[in-house]
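Okay, structure first, notes after.
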Amino acid sequence: MSDRTSETIWSRIDRGLYALFSRHAGRSRHGIGRERYRGTNRAVSFEMYLSRLYGLSWIVGACLTAATAALGLALIGPEPIALGGDRPGALAGRSIPSEYSVAAVAVTAGSLAKRLTIAAGGTRLRWRSNARRAGIERTVPGAVRHLRTLADGSESRREMLRNVATQDAYGETGNSFERVLETAALTGSLDTGLRRVAKETPSRELLSPFLLQFRKHASQGSDSLEEYLRMESQLLSHRRSQARQRSGDYLELLAELFVVLLVLPALFVVAVTVVGVLTPELSATVDIGILGAPSIRSILVYGSVAFILAIGLAGALLVAELRPSTHSRRYERPTGLGTVRTATTNPASAAFVFAFPAVGVAWLLWLLDAPVANVVLLSYAAYGFPVGTVAIKREQFDDAMDRSLRDFVYVVAGHVGLGTPFGVAIETVAREESFGPLQRDISDLAFRLGLTTGSEGAATQREALDRFAERVGTPLAAQTIGLLTGALAVGSDVETTFEALQVEVGSLYHQRRKLRSAMLVYVVVGWALAAVIVVLVVAVNAYVLDGMAHLLATPESVAVGIDPRAIDAERDGWRFYLVTQATMLACGWFAGSASRGRYEALLHSAALVVICYLAFAGAGVV
């Protein structure tokens, strides 16, 4: 089937769904959904989205109804269901055919599934709107600082917005500016574009008032707009600082809660094991079908393992959410052989390449008859160590690049401040100064800037700067070099631009270092908690568990009616080991996510898993 034919079929389906269900969009219960949908920046109309959602809900409801009916008829069979029993009354002695009962249950299940599908669509809109609002509020301060620099040299407000919109560093704010320009192109009025996006944006408290004020001051002249952007950038920087402080407070609370929730399961398992000696009911079995008949104590232990892993995963995700995303870098894996060639420098490539040796380690451990838990844990460690190590090396290299970039900007700004032309200043700095890992990229920039001649010189200059930012590749380079490129493109004064650039690069670098120092506390928390749990559980296993096992083996314990099988040193020691390893994973995920992100979380958790294995192997448990 060709793409054209497929597109025609889908367009016909859309038209049919629109004809059937678009009337629901006018209902009051979808009013909130319409407002949220405006903030998602989707191409299709809300009526079309809701028509598709209703169509999907009918399909889900019909499928679940049919499946429930088929399953019910297979299980119940043709026997009628009696009503009333021996009780007197109108229903006594009557019965309902099983088909009617199954049909009632199936229709109820299908209706419920249909309702839940529509509710899930509304929830998805809320999540997308909230995510976009958060993305806008993270990037608005940087975008406003960029506009402030551009206002010095540009009389065209469209050109200023377009310059910010083309910078990837400004994410959702750049997308909003792009939507302003698209609306302005369709309506012929920038004011209309600003008003419409201000009305539709999910950032009602930040971006919406900024767009309206930008429109107001732009109509009053360049001086008014420059003054407004200067004051707004200061206000947003202060607001951003307060937001970081709130995030720090949330992280402190999260760390305290994390410690409590991970210490309690380990203590709970120890208590259940000890109390099991005096409480024979904990040794009773529970039949749970295909999973067999485990004892109540084993259910509590393995339930604690699942709880710990869930808490560790949730803690890592919350830390990643509270950690400013503008201070972390996302790596993309190249295609083909590029993945293998960059496996030692790109964490995304390493995450793909080193999965294969980890599978080999798991297969070797399986051949050696290692327990399944150790096969999983040690192969996980074999995967996490190299991937995390590559991530650490790359982050250290990126830190060195950012440090050199800051020094480079300061030195160039000094030359420009003395009246040296921009291109000559770059060439001079590249020839006379050394900037470590950034030197090759600076030399390439100087060479390309030397080619800027004739009428195409400005375009070549921008291309050279864009190439430089792409080669450096860090978030700091993207924001600062993007600001310089945009300012030069609109003709801003070079000296003024570099003064703003010095402030920007110094502020961003300082924020990054401050964040790293603040997050180090939570790395220490994760490792300290892991160390406490390992020492505690190994000590309990070595002294308490063995002591109780020997005590229960004496004739006196049998005489008082205590089951000598209540404590099994090998079985309970293995359960202690599993609970501790789950805690190691959770602590490693928390510490690594707080430090640099998910790749370093692999390294921390892998290291803690190996340490725990060695500790329990030394104690003779595994």
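Following the order of the structure tokens, chains are lettered A, B, ..., residues in each are numbered from 1, and ligands are numbered from 1.
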
Q: Extract, using only C-alpha atoms, all DNA, RNA and protein residues at most 10 Å from Ser51 (chain A), discarding same-chain residues fewer than 4 positions from it, and format them as a PyMOL selection string.
A: chain A and resi 14-25+45-47+55-57

Test item: residues at most 8 Å from region 350-359 of chain A, only C-alpha atoms, excluding those fewer than 6 positions along its chain, as an mmCIF file with N, CA and C atoms, in the first residue's frame:
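The result, written out as result23.cif:
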data_model
loop_
_atom_site.group_PDB
_atom_site.id
_atom_site.type_symbol
_atom_site.label_atom_id
_atom_site.label_comp_id
_atom_site.auth_asym_id
_atom_site.auth_seq_id
_atom_site.Cartn_x
_atom_site.Cartn_y
_atom_site.Cartn_z
ATOM 1 N N THR A 339 28.318 3.940 16.063
ATOM 2 C CA THR A 339 28.011 3.513 17.437
ATOM 3 C C THR A 339 29.198 2.816 18.068
ATOM 4 N N VAL A 340 29.856 1.933 17.294
ATOM 5 C CA VAL A 340 31.012 1.195 17.820
ATOM 6 C C VAL A 340 32.198 2.125 18.000
ATOM 7 N N THR A 342 32.278 5.252 18.680
ATOM 8 C CA THR A 342 32.106 6.219 19.778
ATOM 9 C C THR A 342 31.734 5.557 21.100
ATOM 10 N N ALA A 343 31.904 4.241 21.183
ATOM 11 C CA ALA A 343 31.490 3.529 22.398
ATOM 12 C C ALA A 343 32.290 3.943 23.625
ATOM 13 N N THR A 344 33.508 4.442 23.432
ATOM 14 C CA THR A 344 34.336 4.842 24.574
ATOM 15 C C THR A 344 34.240 6.329 24.877
ATOM 16 N N SER A 379 25.604 -9.667 36.065
ATOM 17 C CA SER A 379 25.583 -9.230 34.663
ATOM 18 C C SER A 379 25.161 -7.755 34.582
ATOM 19 N N TYR A 380 24.280 -7.330 35.481
ATOM 20 C CA TYR A 380 23.927 -5.913 35.556
ATOM 21 C C TYR A 380 25.162 -5.074 35.910
ATOM 22 N N ALA A 382 28.259 -5.941 35.303
ATOM 23 C CA ALA A 382 29.137 -5.975 34.135
ATOM 24 C C ALA A 382 28.692 -4.992 33.066
ATOM 25 N N TYR A 383 27.429 -4.670 33.038
ATOM 26 C CA TYR A 383 26.911 -3.678 32.092
ATOM 27 C C TYR A 383 27.077 -2.261 32.633
ATOM 28 N N PRO A 386 31.145 -0.383 32.705
ATOM 29 C CA PRO A 386 31.715 0.308 31.543
ATOM 30 C C PRO A 386 30.870 1.489 31.064
ATOM 31 N N VAL A 387 29.536 1.341 31.083
ATOM 32 C CA VAL A 387 28.689 2.443 30.622
ATOM 33 C C VAL A 387 28.848 3.654 31.549
ATOM 34 N N VAL A 390 32.312 5.361 31.040
ATOM 35 C CA VAL A 390 32.323 6.212 29.840
ATOM 36 C C VAL A 390 31.605 7.527 30.122
#

Q. Which one is closest to Thr192 (chain A): A:Trp127, A:Met519, A:Ile442, A:Val180? Count only C-alpha atoms.
A.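 Ranking A:Trp127, A:Met519, A:Ile442, A:Val180 by distance to Thr192 (chain A), first place goes to A:Val180.
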
Q: Select, from A:Thr345, A:Ser224, A:Ser298, A:Ser219, the residue with the minimum atom-to-atom distance to Leu190 (chain A), counting only C-alpha atoms.
A: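 Selected residue with least distance to Leu190 (chain A): A:Ser219.
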
Q: Name the closest residue to Arg330 (chain A) among the candidates A:Met584, A:Lys216, A:Arg516, A:Arg596; distances are taken between atoms, counting only C-alpha atoms.
A: A:Arg596

Q. Hey, which of A:Phe258, A:Gly482, A:Gly592, A:Ala185 ends up closest to Arg462 (chain A)? Count only C-alpha atoms.
A. A:Gly482

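Between Leu476 (chain A) and the candidates A:Val269, A:Val409, A:Leu378, A:Ala591, the tightest atom-to-atom separation, counting only C-alpha atoms, involves A:Val409.
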
Q | Of the listed residues A:Ala586, A:Val609, A:Ala477, A:Ala619, that which approaches Ala542 (chain A) most closely, counting only C-alpha atoms | A |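 Ranking A:Ala586, A:Val609, A:Ala477, A:Ala619 by distance to Ala542 (chain A), first place goes to A:Ala619.
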
Q | All residues 10 Å or closer to Ala400 (chain A), only C-alpha atoms, same chain fewer than 5 positions away omitted, as a list in words | A |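 Selected residues are Arg394, Glu395, Leu405, Arg406, Phe435, Gly436, Pro437 and Leu438 of chain A.
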
Q: Identify, with DSSP run on backbone atoms, the residues in region 211-429 of chain A assigned to helix (DSSP H, G or I), and express the list as JSON, numbers by chain.
A: {"A": [211, 212, 213, 214, 215, 216, 217, 218, 222, 223, 224, 225, 226, 227, 228, 229, 230, 231, 232, 233, 234, 235, 236, 237, 238, 239, 240, 241, 242, 243, 244, 245, 246, 247, 248, 249, 250, 251, 252, 253, 254, 255, 256, 257, 258, 259, 260, 261, 262, 263, 264, 265, 266, 267, 268, 269, 270, 271, 272, 273, 274, 275, 280, 281, 282, 283, 289, 290, 291, 296, 297, 298, 299, 300, 301, 302, 303, 304, 305, 306, 307, 308, 309, 310, 311, 312, 313, 314, 315, 316, 317, 318, 319, 320, 321, 322, 325, 326, 327, 338, 339, 340, 341, 347, 348, 349, 350, 351, 352, 353, 355, 356, 357, 358, 359, 360, 361, 362, 363, 364, 365, 366, 367, 372, 373, 374, 375, 376, 377, 378, 379, 380, 381, 382, 383, 384, 385, 386, 387, 388, 389, 390, 391, 392, 393, 394, 395, 396, 397, 398, 399, 400, 401, 402, 403, 404, 405, 406, 407, 408, 409, 410, 411, 412, 413, 414, 415, 416, 417, 422, 423, 424, 425, 426, 427, 428, 429]}
